[in-house]
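Undergrad: Attaching a single structure in C-alpha cells format; questions to follow.
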Amino acid sequence: MYLFKTPRLLKLLYPKLTWDIKTSGRSIFLTFDDGPIPIVTPHVLKILKEYQARATFFCIGDNVRKHPDIFEQVKRDGHAIGNHTFNHLKGWKTDDDTYIQNFSKADELLHTNLFRPPYGRIKRSQAARLKALNPNLDIYYVGCIERRF
Ligand SMILES: [Zn+2]
C-alpha cells in the first residue's frame with residue numbers, strides 16, 4: 001500500500017487542476033490505471049464486486065481497443081471511466097500536438113470528463129489545451145503513482 005501526498009509546489013504551479021476532493025465524511029477513492037488488462041482487471045472487478053465497491057478506471061485507449069470485452073465489463077459493473085491517453089504518453093517528453101491527438105484518440109473510445117496524465121506528468125501548455133478542448137475535463141493528480149506490469 002502506498003500513502004501519497006502531493007508536493008505543495010505542484011499545487012501552486014497548477015492551481016486549476018484537481019488536487020483534492022472534499023467529502024462530507026471519511027471516504028476512500030479507489031482508482032486503477034493502465035487497464036483494461038486481461039487477468040488483472042477481471043480480478044480487480046471480482047474483488048470490487050465482493051465488497052460492493054465502486055472505483056474509477058483510468059484506461060489506456062489502446063488497451064480498450066485490444067480488450068473491449070473487459071472494458072464493457074468495467075462499465076457494466078458501474079465503475080467510472082477516466083482517460084489515461086491512448087498510448088500512455090509522458091507529457092513532459094511529448095510535443096503538445098502529439099499529446100492532444102493521443103488524448104483525443106483515447107477519448108473517442110472512452111467518452112469521459114476524467115483524465116489522469118500518465119506518470120502524473122503533463123506540461124502546463126498541454127493541460128491548458130485539454131481544458132480548452134473540454135472545459136468540463138477534470139485532470140486528476142490525486143495519489144498518482146505509476147507501476148508498470
Ligand atoms: Zn499509467
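Chain lettering (A, B, ...) mirrors the order of the C-alpha cells, residue numbering begins at 1 for each chain separately, and ligand numbering begins at 1 in order of display.
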I'd like to know which residues of chain A are strand (DSSP E or B) (by DSSP, run on the backbone); could you write them as number ranges by chain?
TA: A: 18, 31-33, 56-59, 80-83, 114-115, 138-140
Undergrad: Taking only C-alpha atoms and all ligand atoms and a cut-off of 6 Å, can you tell me which residues surround ligand 1, written as a PyMOL selection string?
TA: chain A and resi 33-34+118-119+146
Undergrad: With C-alpha atoms retained, could you export that selection as a PDB file, in the first residue's frame?
TA:
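Ended up saving to selection_15.pdb:
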```pdb
ATOM      1  CA  ASP A  33      -4.734   2.870 -14.040  1.00  0.00           C
ATOM      2  CA  ASP A  34      -3.435   1.390 -17.286  1.00  0.00           C
ATOM      3  CA  PRO A 118       0.368   9.054 -17.258  1.00  0.00           C
ATOM      4  CA  TYR A 119       3.225   9.330 -14.740  1.00  0.00           C
ATOM      5  CA  GLU A 146       2.756   4.614 -11.749  1.00  0.00           C
TER       6      GLU A 146
END
```
Undergrad: Using only C-alpha atoms, tabulate the residues of range 66-145 of chain A lying at most 10 Å from any atom of range 45-51 of chain A, each with its closest atom pair and that distance in Å to one decimal, by chain and increasing residue number, as a Markdown table.
TA:
```
| residue | atom | partner | partner_atom | distance |
| --- | --- | --- | --- | --- |
| A:Ile70 | CA | A:Leu45 | CA | 9.6 |
| A:Gln73 | CA | A:Leu45 | CA | 8.3 |
| A:Val74 | CA | A:Leu45 | CA | 7.1 |
| A:Asp77 | CA | A:Leu45 | CA | 7.8 |
| A:His79 | CA | A:Leu45 | CA | 9.2 |
```
Undergrad: Could you write those residues out with N, CA and C atoms, as an mmCIF file, in the first residue's frame?
TA:
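That gives us out_26.cif:
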```cif
data_model
loop_
_atom_site.group_PDB
_atom_site.id
_atom_site.type_symbol
_atom_site.label_atom_id
_atom_site.label_comp_id
_atom_site.auth_asym_id
_atom_site.auth_seq_id
_atom_site.Cartn_x
_atom_site.Cartn_y
_atom_site.Cartn_z
ATOM 1 N N ILE A 70 -13.416 -6.601 -21.796
ATOM 2 C CA ILE A 70 -13.103 -6.272 -20.398
ATOM 3 C C ILE A 70 -13.553 -4.839 -20.096
ATOM 4 N N GLN A 73 -17.141 -4.797 -19.420
ATOM 5 C CA GLN A 73 -17.416 -5.334 -18.078
ATOM 6 C C GLN A 73 -17.220 -4.256 -17.009
ATOM 7 N N VAL A 74 -16.164 -3.454 -17.164
ATOM 8 C CA VAL A 74 -15.906 -2.356 -16.217
ATOM 9 C C VAL A 74 -17.106 -1.419 -16.189
ATOM 10 N N ASP A 77 -20.304 -2.999 -14.707
ATOM 11 C CA ASP A 77 -20.268 -3.106 -13.247
ATOM 12 C C ASP A 77 -20.464 -1.755 -12.554
ATOM 13 N N HIS A 79 -18.595 1.140 -12.757
ATOM 14 C CA HIS A 79 -17.433 1.929 -12.352
ATOM 15 C C HIS A 79 -17.275 3.145 -13.261
#
```
Undergrad: Give me the residues of range 37-79 of chain A that have any atom at most 10 Å from an atom of range 83-87 of chain A; for each, the nearest atom pair and the distance in Å, rounded to one decimal. Use only C-alpha atoms, sort by chain and number, and format it as a Markdown table.
TA:
```
| residue | atom | partner | partner_atom | distance |
| --- | --- | --- | --- | --- |
| A:Phe57 | CA | A:Asn83 | CA | 8.4 |
| A:Phe58 | CA | A:Asn83 | CA | 5.3 |
| A:Cys59 | CA | A:His84 | CA | 5.3 |
| A:Ile60 | CA | A:His84 | CA | 5.1 |
| A:Gly61 | CA | A:Phe86 | CA | 4.0 |
| A:Asp62 | CA | A:Phe86 | CA | 5.2 |
| A:Asn63 | CA | A:Phe86 | CA | 8.0 |
| A:Val64 | CA | A:Phe86 | CA | 8.8 |
| A:Arg65 | CA | A:Phe86 | CA | 9.3 |
```
Undergrad: Could the residues in this selection be written to a file with N, CA and C atoms, as a short mmCIF file (atom, residue, chain, number, x, y, z; two decimals), in the first residue's frame?
TA:
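Listing of part-v4.cif after writing:
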```
data_model
loop_
_atom_site.label_atom_id
_atom_site.label_comp_id
_atom_site.auth_asym_id
_atom_site.auth_seq_id
_atom_site.Cartn_x
_atom_site.Cartn_y
_atom_site.Cartn_z
N PHE A 57 -11.61 3.72 -13.19
CA PHE A 57 -10.58 3.07 -14.00
C PHE A 57 -10.06 4.06 -15.04
N PHE A 58 -8.82 4.49 -14.89
CA PHE A 58 -8.19 5.36 -15.87
C PHE A 58 -7.57 4.47 -16.94
N CYS A 59 -8.25 4.40 -18.08
CA CYS A 59 -7.91 3.41 -19.10
C CYS A 59 -7.00 3.97 -20.19
N ILE A 60 -6.16 3.09 -20.69
CA ILE A 60 -5.34 3.39 -21.85
C ILE A 60 -6.15 3.01 -23.09
N GLY A 61 -6.30 3.97 -24.00
CA GLY A 61 -7.13 3.73 -25.18
C GLY A 61 -6.73 2.49 -25.96
N ASP A 62 -5.46 2.28 -26.13
CA ASP A 62 -5.01 1.13 -26.90
C ASP A 62 -5.39 -0.19 -26.21
N ASN A 63 -5.40 -0.18 -24.89
CA ASN A 63 -5.83 -1.39 -24.17
C ASN A 63 -7.34 -1.61 -24.30
N VAL A 64 -8.09 -0.52 -24.38
CA VAL A 64 -9.54 -0.65 -24.62
C VAL A 64 -9.78 -1.24 -26.00
N ARG A 65 -8.99 -0.76 -26.99
CA ARG A 65 -9.12 -1.29 -28.36
C ARG A 65 -8.80 -2.79 -28.37
#
```
Undergrad: Which polymer residues have any atom within 12 Å of an atom of Leu130 in chain A, counting only C-alpha atoms, with same-chain residues fewer than 4 positions away left out, as a list in words?
TA: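 The filter keeps Leu17, Asn83, Thr85, Asp96, Asp97, Tyr99, Ile100, Gln101, Asn102, Phe103, Ser104, Asp107, Asn113, Leu114, Phe115, Arg116, Pro117, Ile122, Lys123, Arg124, Ser125, Gln126, Asn134, Pro135, Asn136, Leu137, Asp138 and Ile139 of chain A.
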Undergrad: Could you save the residues just selected, with N, CA and C atoms, as a compact mmCIF listing (two decimals), in the first residue's frame?
TA:
```
# COMPACT_ATOMS: atom_id res chain seq x y z
N LEU A 17 -5.91 22.61 -11.58
CA LEU A 17 -6.10 21.16 -11.69
C LEU A 17 -6.68 20.60 -10.41
N ASN A 83 -9.79 8.84 -18.76
CA ASN A 83 -8.85 8.81 -19.88
C ASN A 83 -7.42 8.81 -19.33
N THR A 85 -4.74 8.61 -21.77
CA THR A 85 -4.18 8.72 -23.12
C THR A 85 -4.31 7.38 -23.87
N ASP A 96 3.21 19.00 -27.80
CA ASP A 96 1.81 19.26 -27.44
C ASP A 96 0.82 18.69 -28.44
N ASP A 97 1.09 18.87 -29.74
CA ASP A 97 0.15 18.37 -30.75
C ASP A 97 -0.02 16.85 -30.65
N TYR A 99 0.50 14.98 -28.05
CA TYR A 99 -0.16 14.66 -26.78
C TYR A 99 -1.68 14.85 -26.88
N ILE A 100 -2.08 15.98 -27.43
CA ILE A 100 -3.51 16.28 -27.55
C ILE A 100 -4.19 15.27 -28.48
N GLN A 101 -3.52 14.95 -29.60
CA GLN A 101 -4.09 13.96 -30.53
C GLN A 101 -4.25 12.60 -29.86
N ASN A 102 -3.26 12.22 -29.05
CA ASN A 102 -3.30 10.93 -28.39
C ASN A 102 -4.41 10.90 -27.34
N PHE A 103 -4.58 12.00 -26.63
CA PHE A 103 -5.69 12.12 -25.68
C PHE A 103 -7.02 11.98 -26.41
N SER A 104 -7.16 12.70 -27.53
CA SER A 104 -8.42 12.70 -28.28
C SER A 104 -8.73 11.33 -28.86
N ASP A 107 -10.15 9.44 -26.17
CA ASP A 107 -11.47 9.96 -25.82
C ASP A 107 -12.56 9.43 -26.74
N ASN A 113 -15.11 12.76 -18.83
CA ASN A 113 -14.58 14.07 -18.43
C ASN A 113 -13.49 13.93 -17.37
N LEU A 114 -13.01 12.71 -17.16
CA LEU A 114 -11.95 12.48 -16.18
C LEU A 114 -10.66 12.15 -16.93
N PHE A 115 -9.58 12.72 -16.47
CA PHE A 115 -8.30 12.47 -17.12
C PHE A 115 -7.20 12.41 -16.07
N ARG A 116 -6.37 11.40 -16.16
CA ARG A 116 -5.17 11.35 -15.32
C ARG A 116 -3.98 11.21 -16.25
N PRO A 117 -3.08 12.19 -16.23
CA PRO A 117 -1.92 12.10 -17.11
C PRO A 117 -1.00 10.95 -16.67
N ILE A 122 2.46 16.31 -16.97
CA ILE A 122 1.85 16.99 -18.11
C ILE A 122 2.36 18.42 -18.10
N LYS A 123 2.61 18.94 -19.29
CA LYS A 123 3.06 20.33 -19.40
C LYS A 123 1.87 21.25 -19.16
N ARG A 124 2.17 22.44 -18.67
CA ARG A 124 1.09 23.42 -18.46
C ARG A 124 0.39 23.73 -19.77
N SER A 125 1.16 23.79 -20.85
CA SER A 125 0.57 24.09 -22.16
C SER A 125 -0.39 22.97 -22.59
N GLN A 126 -0.04 21.73 -22.28
CA GLN A 126 -0.91 20.60 -22.63
C GLN A 126 -2.19 20.64 -21.80
N ASN A 134 -12.01 20.71 -23.74
CA ASN A 134 -13.15 20.27 -22.93
C ASN A 134 -13.12 20.99 -21.58
N PRO A 135 -13.85 22.11 -21.46
CA PRO A 135 -13.84 22.88 -20.21
C PRO A 135 -14.31 22.08 -19.00
N ASN A 136 -15.05 21.00 -19.22
CA ASN A 136 -15.53 20.18 -18.10
C ASN A 136 -14.54 19.09 -17.69
N LEU A 137 -13.41 19.04 -18.35
CA LEU A 137 -12.43 17.99 -18.06
C LEU A 137 -11.81 18.19 -16.68
N ASP A 138 -11.82 17.15 -15.86
CA ASP A 138 -11.12 17.15 -14.58
C ASP A 138 -9.82 16.40 -14.75
N ILE A 139 -8.73 17.09 -14.50
CA ILE A 139 -7.41 16.46 -14.62
C ILE A 139 -6.95 16.08 -13.22
```
Undergrad: Just give me the gap between CA of Glu72 in chain A and CA of Gln52 in chain A in Å, one decimal is fine.
TA: 18.1 Å
Undergrad: Which of chain A end up as helix (DSSP H, G or I) when DSSP is run on this backbone - answer as a count of residues only?
TA: 63
Undergrad: Distance CA of Phe71 in chain A-CA of Glu108 in chain A, one decimal place?
TA: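 Distance reported for this atom pair: 13.7 Å.
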Undergrad: Pick from A:Gly25, A:Lys11, A:Arg54, A:Asp69: nearest to Pro38 in chain A, with only C-alpha atoms counted?
TA: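 Of all the options, A:Asp69 lies closest to Pro38 in chain A.
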Undergrad: Which one of A:Thr41, A:Thr31, A:Thr112, A:Thr94 sits closest to Tyr141 in chain A if you count only C-alpha atoms?
TA: A:Thr31
Undergrad: Find the distance between CA of Val40 in chain A and CA of Thr98 in chain A and write it in Å to one decimal.
TA: 29.1 Å
Undergrad: Looking at A:Leu12, A:Lys75, A:Arg121, A:Lys66, which one is nearest to Leu89 in chain A, with distances taken over only C-alpha atoms?
TA: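 Result for the nearest residue to Leu89 in chain A: A:Arg121.
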